[in-house]
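Enquirer: What follows is a single structure, and I will ask about it in a moment.
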Amino acid sequence: MASTQEIQAGLAEILEEVAGVTPADATPEKSFTEDLDVDSLSMVEIATAVEDKFGVAIPDDQLANIKTVGDAISFIESNQG
Amino acid sequence: MTTLKLDRGAPGARILGFGSYRPRRRVTNDELAERMDTNDEWIQARVGIAERRWAEPDETLVEMSVAAGGKALAASGLDAGEIDLVLLATTSPPKAIPGLAPRIAHQLGVPRPGAFDVNAGCAGWCYALSAASDAIRSGTARNALVIGGERLTDYTNLEDRATAVIFADGAGAAVVTASEEPTIGPAVWGSDGDLHEAIAIPPDETGMSMAGQAVYRWATTKLTDTLVEAMRRAGVGPEDIDVFAPHQANLRIIELMAKRLKLPEGTVIARDIVRSGNTSSASVPLALDALLESGEAKSGDVALLLGYGAGLTFAGQVVVLP
């Protein structure tokens with residue numbers, strides 16, 4: 001199981017790769033769409049990359065509830081196997 | 001039990017020529033921005049479309065298909081009288097009855113061919129190409145005309161910014177004939193019917209709806225394997241692919257697929273979506289014809305094709321270009 005810190009670092013890596021977000025900007029309070037300029041299709045790519053990296057499943061209806069980096073970290077923490 | 005005689009088929013099938021029809025009216029993103037809350041930057045960033053063609057009333061599905069089919073016939077060097085199978089891949093006929101392939105054949109002067117419509121969503125033309133190739137290999141047909149034609153704007157709410165910016169009209173066609181050397185590879189086709197609602201015309205809506213995120217996820221995660229399998233079944237690898245021409249649904253999906261397939265640097269990638277939008281069943285032949293016409297693709301090139309769309313359906317195959 002990955003620690004919160006590891007999850008945040010892993011997520012920052014994915015955000016950089018998929019959407020060109022500077023890792024230092026990927027802090028928990030940031031909104032994907034409002035602050036980091038990530039659009040709905042990039043969210044899908046981030047979700048599938050998170051699924052591969054952390055072994056969690058993020059269905060589309062749950063993806064809609066993930067608004068901030070913090071939401072994503074909590075989701076991964078409570079769903080990782 | 002009585003056993004029956006079968007026809008003698010051909011060792012392979014090949015494409016002889018392509019033809020296209022693009023509607024006259026160009027619709028730019030700026031024009032759409034005047035009609036609805038959208039803008040050029042937003043559209044280009046999400047789907048990669050700069051402009052698309054919308055058919056006018058006289059550019060019916062039949063007229064566009066006849067025009068594309070006629071050009072493909074001319075490019076093939078065959079006479080209409082030599083064609084014995086006409087397929088129309090479409091998702092947007094004006095009426096369910098009758099199917100349009102017989103009438104298109106008649107208008108082209110093709111005498112009494114086998115003729116039927118194929119509705120396999122945006123994968124329709126690739127399904128039809130495979131059906132034509134198989135008919136030729138089994139001896140049911142000798143020369144086939146395979147058309148993809150759409151008037152998607154008839155089924156799109158042109159005030160809906162989610163779909164009006166994407167869907168468009170046009171027709172593309174190819175003539176397929178028997179050959180000693182197989183140059184149309186096996187189709188790797190299938191469907192995921194659990195996602196039947198992802199692209200559909202809901203009963204209570206005025207136009208087509210699409211679950212964008214669900215389709216994007218499906219296309220970018222499930223279809224790379226289809227393409228890899230299509231290459232394997234045809235006996236080629238990514239290094240052999242000169243042209244990659246997937247269905248023109250979204251430029252980001254096209255780029256992502258090309259990246260995941262690790263196609264060589266010099267592979268020509270069809271990006272006809274930029275000027276044509278998403279023309280469903282017509283997109284693959286339109287894109288291939290445009291690449292051949294511009295000289296970006298040339299005769300003898302090995303092309304990897306992929307159709308995918310409403311159903312959901314998919315079909316990948318490798319062909320050698322005429």
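Residue numbering restarts at 1 for every chain of the structure tokens, chains are lettered A, B, ... in their displayed order, and ligands are numbered from 1 as they appear.
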Report as a ChimeraX atom specification the set of chain B residues whose atoms approach chain A to within 7 Å, with distances computed over only C-alpha atoms.
Expert: /B:213-214,216-217
Enquirer: Name the residues in contact with region 301-312 of chain B at a cut-off of 7 Å, using only C-alpha atoms, excluding same-chain residues fewer than 3 positions from it; report them as a list in words.
Expert: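 The residues satisfying every condition are Ala120, Gly121, Cys122, Ala123, Cys126, Ser191, Asp192, Gly193, Leu195, His196, Ile199, Ala200, Asp240, Ile241, Asp242, Val243, Phe244, Ala245, Pro246, His247, Ala297, Lys298, Ala315, Gly316, Gln317, Val318, Val319, Val320 and Leu321 of chain B.
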Enquirer: Would you output that residue set with N, CA and C atoms, as a PDB file, in the first residue's frame?
Expert:
```pdb
ATOM      1  N   ALA B 120     -22.890  -0.390 -38.735  1.00  0.00           N
ATOM      2  CA  ALA B 120     -22.007  -0.814 -37.647  1.00  0.00           C
ATOM      3  C   ALA B 120     -21.360   0.439 -37.064  1.00  0.00           C
ATOM      4  N   GLY B 121     -22.175   1.468 -36.884  1.00  0.00           N
ATOM      5  CA  GLY B 121     -21.672   2.726 -36.330  1.00  0.00           C
ATOM      6  C   GLY B 121     -20.538   3.257 -37.190  1.00  0.00           C
ATOM      7  N   CYS B 122     -19.610   3.922 -36.552  1.00  0.00           N
ATOM      8  CA  CYS B 122     -18.480   4.507 -37.290  1.00  0.00           C
ATOM      9  C   CYS B 122     -17.509   3.436 -37.774  1.00  0.00           C
ATOM     10  N   ALA B 123     -17.740   2.178 -37.369  1.00  0.00           N
ATOM     11  CA  ALA B 123     -16.899   1.085 -37.859  1.00  0.00           C
ATOM     12  C   ALA B 123     -17.454   0.523 -39.167  1.00  0.00           C
ATOM     13  N   CYS B 126     -15.285  -0.185 -42.366  1.00  0.00           N
ATOM     14  CA  CYS B 126     -14.289  -1.250 -42.161  1.00  0.00           C
ATOM     15  C   CYS B 126     -14.968  -2.621 -42.107  1.00  0.00           C
ATOM     16  N   SER B 191     -17.466  -6.279 -30.789  1.00  0.00           N
ATOM     17  CA  SER B 191     -18.381  -5.256 -30.277  1.00  0.00           C
ATOM     18  C   SER B 191     -18.449  -5.349 -28.762  1.00  0.00           C
ATOM     19  N   ASP B 192     -18.799  -4.236 -28.143  1.00  0.00           N
ATOM     20  CA  ASP B 192     -19.014  -4.177 -26.701  1.00  0.00           C
ATOM     21  C   ASP B 192     -20.425  -3.631 -26.466  1.00  0.00           C
ATOM     22  N   GLY B 193     -21.401  -4.538 -26.600  1.00  0.00           N
ATOM     23  CA  GLY B 193     -22.806  -4.129 -26.552  1.00  0.00           C
ATOM     24  C   GLY B 193     -23.271  -3.628 -25.197  1.00  0.00           C
ATOM     25  N   LEU B 195     -22.045  -1.253 -23.845  1.00  0.00           N
ATOM     26  CA  LEU B 195     -21.928   0.206 -23.955  1.00  0.00           C
ATOM     27  C   LEU B 195     -22.855   0.758 -25.054  1.00  0.00           C
ATOM     28  N   HIS B 196     -23.996   0.074 -25.283  1.00  0.00           N
ATOM     29  CA  HIS B 196     -24.881   0.487 -26.390  1.00  0.00           C
ATOM     30  C   HIS B 196     -25.452   1.889 -26.216  1.00  0.00           C
ATOM     31  N   ILE B 199     -23.206   5.910 -27.407  1.00  0.00           N
ATOM     32  CA  ILE B 199     -23.453   6.767 -28.576  1.00  0.00           C
ATOM     33  C   ILE B 199     -24.825   6.344 -29.101  1.00  0.00           C
ATOM     34  N   ALA B 200     -25.809   7.207 -28.975  1.00  0.00           N
ATOM     35  CA  ALA B 200     -27.175   6.782 -29.309  1.00  0.00           C
ATOM     36  C   ALA B 200     -28.065   7.989 -29.525  1.00  0.00           C
ATOM     37  N   ASP B 240       6.340  -1.960 -40.188  1.00  0.00           N
ATOM     38  CA  ASP B 240       5.919  -2.096 -41.593  1.00  0.00           C
ATOM     39  C   ASP B 240       4.814  -1.114 -41.985  1.00  0.00           C
ATOM     40  N   ILE B 241       4.263  -0.415 -41.015  1.00  0.00           N
ATOM     41  CA  ILE B 241       3.093   0.432 -41.284  1.00  0.00           C
ATOM     42  C   ILE B 241       3.534   1.787 -41.853  1.00  0.00           C
ATOM     43  N   ASP B 242       3.127   2.049 -43.108  1.00  0.00           N
ATOM     44  CA  ASP B 242       3.434   3.339 -43.749  1.00  0.00           C
ATOM     45  C   ASP B 242       2.382   4.395 -43.413  1.00  0.00           C
ATOM     46  N   VAL B 243       1.134   3.936 -43.264  1.00  0.00           N
ATOM     47  CA  VAL B 243       0.012   4.865 -43.063  1.00  0.00           C
ATOM     48  C   VAL B 243      -0.885   4.329 -41.950  1.00  0.00           C
ATOM     49  N   PHE B 244      -1.223   5.200 -41.002  1.00  0.00           N
ATOM     50  CA  PHE B 244      -2.169   4.831 -39.952  1.00  0.00           C
ATOM     51  C   PHE B 244      -3.425   5.665 -40.148  1.00  0.00           C
ATOM     52  N   ALA B 245      -4.534   4.991 -40.480  1.00  0.00           N
ATOM     53  CA  ALA B 245      -5.774   5.710 -40.775  1.00  0.00           C
ATOM     54  C   ALA B 245      -6.924   5.171 -39.924  1.00  0.00           C
ATOM     55  N   PRO B 246      -6.992   5.623 -38.678  1.00  0.00           N
ATOM     56  CA  PRO B 246      -8.117   5.226 -37.839  1.00  0.00           C
ATOM     57  C   PRO B 246      -9.331   6.110 -38.116  1.00  0.00           C
ATOM     58  N   HIS B 247     -10.494   5.679 -37.673  1.00  0.00           N
ATOM     59  CA  HIS B 247     -11.699   6.504 -37.745  1.00  0.00           C
ATOM     60  C   HIS B 247     -11.392   7.891 -37.157  1.00  0.00           C
ATOM     61  N   ALA B 297       0.452   9.712 -48.981  1.00  0.00           N
ATOM     62  CA  ALA B 297       0.467   8.246 -49.069  1.00  0.00           C
ATOM     63  C   ALA B 297       0.619   7.895 -50.541  1.00  0.00           C
ATOM     64  N   LYS B 298       1.242   6.722 -50.798  1.00  0.00           N
ATOM     65  CA  LYS B 298       1.423   6.348 -52.203  1.00  0.00           C
ATOM     66  C   LYS B 298       1.046   4.891 -52.434  1.00  0.00           C
ATOM     67  N   ALA B 315     -13.424  -2.480 -35.690  1.00  0.00           N
ATOM     68  CA  ALA B 315     -12.829  -3.376 -36.687  1.00  0.00           C
ATOM     69  C   ALA B 315     -11.496  -2.786 -37.126  1.00  0.00           C
ATOM     70  N   GLY B 316     -10.450  -3.571 -36.982  1.00  0.00           N
ATOM     71  CA  GLY B 316      -9.125  -3.156 -37.431  1.00  0.00           C
ATOM     72  C   GLY B 316      -8.672  -4.071 -38.557  1.00  0.00           C
ATOM     73  N   GLN B 317      -7.924  -3.535 -39.513  1.00  0.00           N
ATOM     74  CA  GLN B 317      -7.381  -4.388 -40.571  1.00  0.00           C
ATOM     75  C   GLN B 317      -6.214  -3.673 -41.256  1.00  0.00           C
ATOM     76  N   VAL B 318      -5.354  -4.469 -41.868  1.00  0.00           N
ATOM     77  CA  VAL B 318      -4.224  -3.929 -42.625  1.00  0.00           C
ATOM     78  C   VAL B 318      -4.533  -4.098 -44.105  1.00  0.00           C
ATOM     79  N   VAL B 319      -4.299  -3.044 -44.890  1.00  0.00           N
ATOM     80  CA  VAL B 319      -4.501  -3.145 -46.345  1.00  0.00           C
ATOM     81  C   VAL B 319      -3.295  -2.534 -47.063  1.00  0.00           C
ATOM     82  N   VAL B 320      -3.115  -2.933 -48.308  1.00  0.00           N
ATOM     83  CA  VAL B 320      -2.102  -2.287 -49.146  1.00  0.00           C
ATOM     84  C   VAL B 320      -2.837  -1.296 -50.046  1.00  0.00           C
ATOM     85  N   LEU B 321      -2.349  -0.065 -50.101  1.00  0.00           N
ATOM     86  CA  LEU B 321      -3.050   0.976 -50.848  1.00  0.00           C
ATOM     87  C   LEU B 321      -2.845   0.831 -52.353  1.00  0.00           C
TER      88      LEU B 321
END
```
Enquirer: Could you tell me how far CA of Glu197 (chain B) sits from CA of Asp52 (chain A), in Å to one decimal place?
Expert: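 Distance between the two atoms: 26.0 Å.
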Enquirer: For a quick check of understanding, using only C-alpha atoms, which of B:Thr221, B:Leu261, B:Lys95, B:Gly266 has the smallest distance to Glu51 (chain A)?
Expert: B:Thr221
Enquirer: Can you tell me, as an mmCIF file with C-alpha atoms, in the first residue's frame, what residues are no more than 10 Å from Pro93 (chain B) when counting only C-alpha atoms, ignoring any on the same chain fewer than 4 positions away?
Expert:
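Written out: out_10.cif:
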```cif
data_model
loop_
_atom_site.group_PDB
_atom_site.id
_atom_site.type_symbol
_atom_site.label_atom_id
_atom_site.label_comp_id
_atom_site.auth_asym_id
_atom_site.auth_seq_id
_atom_site.Cartn_x
_atom_site.Cartn_y
_atom_site.Cartn_z
ATOM 1 C CA THR B 60 -28.581 13.739 -50.158
ATOM 2 C CA LEU B 61 -27.036 10.560 -48.819
ATOM 3 C CA VAL B 62 -27.757 8.867 -52.157
ATOM 4 C CA ALA B 89 -22.049 1.622 -44.749
ATOM 5 C CA ILE B 97 -36.912 1.248 -45.594
ATOM 6 C CA PRO B 98 -35.707 0.762 -48.254
ATOM 7 C CA GLY B 99 -31.982 0.250 -47.845
ATOM 8 C CA LEU B 100 -30.107 2.613 -50.154
ATOM 9 C CA ASP B 117 -26.663 -1.354 -46.206
ATOM 10 C CA ASN B 119 -24.970 -0.172 -39.919
ATOM 11 C CA GLY B 149 -21.797 7.713 -46.625
ATOM 12 C CA GLU B 150 -23.270 9.891 -43.908
ATOM 13 C CA ARG B 151 -25.539 12.858 -43.341
ATOM 14 C CA LEU B 152 -24.976 12.957 -39.606
ATOM 15 C CA ASP B 154 -29.773 15.073 -40.026
ATOM 16 C CA TYR B 155 -29.451 13.355 -36.644
#
```
Enquirer: DSSP says alpha helix (DSSP H) for which residues of region 104-278 of chain B? Put them as number ranges by chain?
Expert: B: 104-107, 124-138, 212-234, 251-261, 273-276
Enquirer: So which bits of region 85-314 of chain B end up strand (DSSP E or B) when you DSSP the backbone, as a count of residues only?
Expert: 59
Enquirer: Quick one: of B:Gly9, B:Leu4, B:Asp30, B:Thr38, who's nearest to Ala141 (chain B), counting only C-alpha atoms?
Expert: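 Under the stated criterion, the closest residue is B:Gly9.
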Enquirer: Which polymer residues have any atom within 12 Å of an atom of Leu129 (chain B), counting only C-alpha atoms, with same-chain residues fewer than 5 positions away left out, as a VMD selection string?
Expert: chain B and resid 13 to 15 85 to 89 118 120 123 to 124 134 to 136 143 to 148 173 to 177 184 to 187 189 281 284 to 285 305 to 307 315 to 319
Enquirer: I need the chosen residues saved as a CSV table (one decimal), in the first residue's frame, with N, CA and C atoms.
Expert:
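So selection.csv came out as:
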```csv
chain,number,residue,atom,x,y,z
B,13,ALA,N,-8.0,-10.5,-52.0
B,13,ALA,CA,-8.8,-9.3,-52.6
B,13,ALA,C,-7.9,-8.1,-52.4
B,14,ARG,N,-8.1,-7.1,-53.3
B,14,ARG,CA,-7.3,-5.9,-53.2
B,14,ARG,C,-8.2,-4.7,-53.5
B,15,ILE,N,-7.8,-3.6,-53.0
B,15,ILE,CA,-8.5,-2.3,-53.3
B,15,ILE,C,-7.9,-1.7,-54.6
B,85,LEU,N,-21.3,-6.5,-56.4
B,85,LEU,CA,-21.7,-6.3,-55.0
B,85,LEU,C,-21.5,-4.8,-54.7
B,86,VAL,N,-22.6,-4.3,-54.1
B,86,VAL,CA,-22.5,-2.9,-53.7
B,86,VAL,C,-22.9,-2.8,-52.2
B,87,LEU,N,-22.0,-2.3,-51.4
B,87,LEU,CA,-22.3,-2.1,-50.0
B,87,LEU,C,-22.3,-0.6,-49.6
B,88,LEU,N,-23.3,-0.2,-48.8
B,88,LEU,CA,-23.3,1.1,-48.3
B,88,LEU,C,-23.3,1.0,-46.8
B,89,ALA,N,-22.1,1.5,-46.2
B,89,ALA,CA,-22.0,1.6,-44.7
B,89,ALA,C,-22.6,3.0,-44.4
B,118,VAL,N,-25.0,-1.4,-44.4
B,118,VAL,CA,-24.4,-1.9,-43.2
B,118,VAL,C,-24.4,-0.8,-42.2
B,120,ALA,N,-22.9,-0.4,-38.7
B,120,ALA,CA,-22.0,-0.8,-37.6
B,120,ALA,C,-21.4,0.4,-37.1
B,123,ALA,N,-17.7,2.2,-37.4
B,123,ALA,CA,-16.9,1.1,-37.9
B,123,ALA,C,-17.5,0.5,-39.2
B,124,GLY,N,-18.6,1.1,-39.6
B,124,GLY,CA,-19.3,0.5,-40.8
B,124,GLY,C,-18.5,0.2,-42.0
B,134,ASP,N,-14.3,-10.8,-48.0
B,134,ASP,CA,-14.6,-12.2,-47.7
B,134,ASP,C,-15.6,-12.7,-48.8
B,135,ALA,N,-16.5,-11.9,-49.3
B,135,ALA,CA,-17.4,-12.3,-50.4
B,135,ALA,C,-16.6,-12.7,-51.7
B,136,ILE,N,-15.5,-11.9,-51.9
B,136,ILE,CA,-14.7,-12.1,-53.1
B,136,ILE,C,-13.8,-13.4,-52.9
B,143,ASN,N,-16.3,-8.4,-58.0
B,143,ASN,CA,-15.8,-7.0,-57.9
B,143,ASN,C,-16.9,-6.2,-57.0
B,144,ALA,N,-16.4,-5.6,-56.0
B,144,ALA,CA,-17.3,-4.9,-55.0
B,144,ALA,C,-17.1,-3.4,-55.0
B,145,LEU,N,-18.1,-2.7,-54.8
B,145,LEU,CA,-18.0,-1.2,-54.5
B,145,LEU,C,-18.5,-1.1,-53.0
B,146,VAL,N,-17.5,-0.5,-52.2
B,146,VAL,CA,-17.8,-0.4,-50.8
B,146,VAL,C,-17.8,1.1,-50.5
B,147,ILE,N,-19.0,1.6,-50.1
B,147,ILE,CA,-19.2,3.0,-49.9
B,147,ILE,C,-19.5,3.3,-48.4
B,148,GLY,N,-18.9,4.4,-47.9
B,148,GLY,CA,-19.3,4.8,-46.6
B,148,GLY,C,-19.9,6.2,-46.8
B,173,ALA,N,-15.5,6.0,-50.9
B,173,ALA,CA,-15.8,4.7,-51.5
B,173,ALA,C,-14.5,4.1,-52.0
B,174,ALA,N,-14.5,2.7,-52.1
B,174,ALA,CA,-13.4,2.0,-52.7
B,174,ALA,C,-14.0,0.9,-53.5
B,175,VAL,N,-13.3,0.5,-54.6
B,175,VAL,CA,-13.6,-0.6,-55.4
B,175,VAL,C,-12.6,-1.7,-55.0
B,176,VAL,N,-13.2,-2.9,-54.7
B,176,VAL,CA,-12.4,-4.1,-54.3
B,176,VAL,C,-12.6,-5.2,-55.3
B,177,THR,N,-11.5,-5.8,-55.7
B,177,THR,CA,-11.5,-6.9,-56.7
B,177,THR,C,-10.7,-8.1,-56.2
B,184,ILE,N,-5.7,-7.3,-48.7
B,184,ILE,CA,-6.6,-6.9,-47.6
B,184,ILE,C,-6.5,-7.9,-46.5
B,185,GLY,N,-5.9,-7.5,-45.4
B,185,GLY,CA,-5.7,-8.5,-44.3
B,185,GLY,C,-7.0,-8.8,-43.6
B,186,PRO,N,-6.9,-9.8,-42.7
B,186,PRO,CA,-8.1,-10.2,-41.9
B,186,PRO,C,-8.6,-9.1,-41.0
B,187,ALA,N,-9.9,-8.9,-40.9
B,187,ALA,CA,-10.5,-7.9,-40.0
B,187,ALA,C,-10.5,-8.5,-38.6
B,189,TRP,N,-12.5,-7.8,-35.7
B,189,TRP,CA,-13.7,-7.0,-35.4
B,189,TRP,C,-14.3,-7.6,-34.1
B,281,SER,N,-19.0,6.6,-40.8
B,281,SER,CA,-18.7,5.5,-41.7
B,281,SER,C,-17.9,6.0,-42.9
B,284,VAL,N,-12.9,6.9,-42.8
B,284,VAL,CA,-11.7,6.2,-43.2
B,284,VAL,C,-11.4,6.3,-44.7
B,285,PRO,N,-12.4,6.0,-45.6
B,285,PRO,CA,-12.2,6.2,-47.0
B,285,PRO,C,-11.9,7.6,-47.4
B,305,LEU,N,-5.8,0.3,-40.7
B,305,LEU,CA,-7.1,0.9,-40.5
B,305,LEU,C,-7.8,0.5,-39.3
B,306,LEU,N,-8.7,1.4,-38.8
B,306,LEU,CA,-9.5,1.1,-37.6
B,306,LEU,C,-10.8,1.8,-37.7
B,307,GLY,N,-11.9,1.1,-37.6
B,307,GLY,CA,-13.2,1.8,-37.4
B,307,GLY,C,-13.7,1.5,-36.0
B,315,ALA,N,-13.4,-2.5,-35.7
B,315,ALA,CA,-12.8,-3.4,-36.7
B,315,ALA,C,-11.5,-2.8,-37.1
B,316,GLY,N,-10.5,-3.6,-37.0
B,316,GLY,CA,-9.1,-3.2,-37.4
B,316,GLY,C,-8.7,-4.1,-38.6
B,317,GLN,N,-7.9,-3.5,-39.5
B,317,GLN,CA,-7.4,-4.4,-40.6
B,317,GLN,C,-6.2,-3.7,-41.3
B,318,VAL,N,-5.4,-4.5,-41.9
B,318,VAL,CA,-4.2,-3.9,-42.6
B,318,VAL,C,-4.5,-4.1,-44.1
B,319,VAL,N,-4.3,-3.0,-44.9
B,319,VAL,CA,-4.5,-3.1,-46.3
B,319,VAL,C,-3.3,-2.5,-47.1
```
Enquirer: If we count only C-alpha atoms, what is near region 2-10 of chain A at a cut-off of 12 Å, once residues fewer than 2 positions away on the same chain are taken out, given as a compact mmCIF listing (two decimals) with N, CA and C atoms, in the first residue's frame?
Expert:
```
# COMPACT_ATOMS: atom_id res chain seq x y z
N ALA A 12 1.32 13.39 -9.04
CA ALA A 12 2.00 14.55 -9.65
C ALA A 12 2.73 14.12 -10.93
N GLU A 13 3.34 12.94 -10.87
CA GLU A 13 4.04 12.41 -12.07
C GLU A 13 3.06 12.21 -13.22
N ILE A 14 1.90 11.61 -12.91
CA ILE A 14 0.88 11.37 -13.94
C ILE A 14 0.38 12.69 -14.51
N LEU A 15 0.13 13.66 -13.63
CA LEU A 15 -0.37 14.97 -14.07
C LEU A 15 0.62 15.66 -15.00
N GLU A 16 1.90 15.49 -14.70
CA GLU A 16 2.93 16.10 -15.54
C GLU A 16 2.94 15.43 -16.91
N GLU A 17 2.90 14.10 -16.88
CA GLU A 17 2.95 13.32 -18.12
C GLU A 17 1.72 13.57 -19.01
N THR A 22 3.16 21.25 -13.72
CA THR A 22 4.41 21.27 -12.95
C THR A 22 4.16 20.54 -11.62
N PRO A 23 5.01 19.55 -11.28
CA PRO A 23 4.75 18.73 -10.08
C PRO A 23 4.53 19.56 -8.81
N ALA A 24 5.26 20.67 -8.66
CA ALA A 24 5.11 21.48 -7.44
C ALA A 24 3.71 22.09 -7.33
N ASP A 25 3.02 22.21 -8.47
CA ASP A 25 1.67 22.80 -8.45
C ASP A 25 0.59 21.79 -8.04
N ALA A 26 0.93 20.50 -8.07
CA ALA A 26 -0.08 19.47 -7.83
C ALA A 26 -0.31 19.25 -6.34
N THR A 27 -0.79 20.28 -5.67
CA THR A 27 -1.04 20.20 -4.23
C THR A 27 -2.52 19.90 -3.97
N PRO A 28 -2.83 19.30 -2.79
CA PRO A 28 -4.17 18.76 -2.54
C PRO A 28 -5.33 19.73 -2.76
N GLU A 29 -5.15 21.01 -2.47
CA GLU A 29 -6.32 21.92 -2.56
C GLU A 29 -6.63 22.33 -4.00
N ILE A 46 -5.93 10.62 -16.96
CA ILE A 46 -5.37 10.58 -15.60
C ILE A 46 -5.97 9.40 -14.84
N ALA A 49 -4.45 6.15 -16.02
CA ALA A 49 -3.06 6.05 -15.56
C ALA A 49 -3.02 5.74 -14.06
N VAL A 50 -3.93 6.36 -13.29
CA VAL A 50 -4.01 6.09 -11.84
C VAL A 50 -4.41 4.63 -11.62
N GLU A 51 -5.36 4.15 -12.42
CA GLU A 51 -5.80 2.75 -12.30
C GLU A 51 -4.62 1.80 -12.50
N ASP A 52 -3.81 2.07 -13.54
CA ASP A 52 -2.65 1.21 -13.82
C ASP A 52 -1.61 1.30 -12.70
N LYS A 53 -1.37 2.52 -12.21
CA LYS A 53 -0.29 2.72 -11.25
C LYS A 53 -0.65 2.21 -9.86
N PHE A 54 -1.90 2.47 -9.44
CA PHE A 54 -2.27 2.17 -8.04
C PHE A 54 -3.21 0.98 -7.90
N GLY A 55 -3.60 0.36 -9.02
CA GLY A 55 -4.45 -0.82 -8.94
C GLY A 55 -5.84 -0.55 -8.39
N VAL A 56 -6.37 0.65 -8.65
CA VAL A 56 -7.74 0.95 -8.24
C VAL A 56 -8.60 1.07 -9.49
N THR A 68 -10.66 17.72 -6.96
CA THR A 68 -9.35 18.28 -6.58
C THR A 68 -8.31 17.17 -6.48
N VAL A 69 -7.06 17.59 -6.42
CA VAL A 69 -5.96 16.64 -6.23
C VAL A 69 -6.18 15.87 -4.93
N GLY A 70 -6.66 16.60 -3.89
CA GLY A 70 -6.95 15.97 -2.59
C GLY A 70 -8.02 14.90 -2.72
N ASP A 71 -9.09 15.17 -3.53
CA ASP A 71 -10.14 14.16 -3.75
C ASP A 71 -9.53 12.89 -4.35
N ALA A 72 -8.63 13.09 -5.29
CA ALA A 72 -8.01 11.93 -5.96
C ALA A 72 -7.16 11.13 -4.97
N ILE A 73 -6.40 11.86 -4.15
CA ILE A 73 -5.55 11.17 -3.16
C ILE A 73 -6.42 10.36 -2.20
N SER A 74 -7.51 10.97 -1.70
CA SER A 74 -8.41 10.24 -0.78
C SER A 74 -9.02 9.03 -1.46
N PHE A 75 -9.43 9.21 -2.73
CA PHE A 75 -10.05 8.09 -3.45
C PHE A 75 -9.08 6.92 -3.56
N ILE A 76 -7.83 7.24 -3.92
CA ILE A 76 -6.83 6.17 -4.08
C ILE A 76 -6.57 5.51 -2.73
N GLU A 77 -6.43 6.33 -1.69
CA GLU A 77 -6.16 5.79 -0.34
C GLU A 77 -7.24 4.83 0.12
N SER A 78 -8.51 5.20 -0.10
CA SER A 78 -9.57 4.34 0.43
C SER A 78 -9.90 3.17 -0.50
N ASN A 79 -9.40 3.19 -1.73
CA ASN A 79 -9.73 2.09 -2.66
C ASN A 79 -8.57 1.18 -3.02
N GLN A 80 -7.35 1.53 -2.61
CA GLN A 80 -6.23 0.68 -3.03
C GLN A 80 -6.26 -0.63 -2.26
N GLY A 81 -5.85 -1.67 -2.97
CA GLY A 81 -6.07 -2.99 -2.44
C GLY A 81 -5.00 -3.54 -1.59
```
Enquirer: If we count only C-alpha atoms and set the cut-off at 9 Å, which residues sit around Asp289 (chain B), ignoring sequence neighbours fewer than 2 positions away in its own chain? Please answer as a VMD selection string.
Expert: chain B and resid 17 to 20 172 to 173 284 to 287 291 to 294
Enquirer: Excluding Gly277 (chain B) and any residue of its chain fewer than 5 positions from it, enumerate the residues within 12 Å of it, using only C-alpha atoms, and give them as number ranges by chain.
Expert: B: 22, 26-29, 43-44, 47-54, 150, 152-153, 163-170, 247-251, 271-272, 282-284, 286-287
Enquirer: CA of Gly109 (chain B) and CA of Ala72 (chain B), how far apart in Å?
Expert: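 One can read the CA of Ala72 (chain B) to CA of Gly109 (chain B) distance as 13.7 Å.
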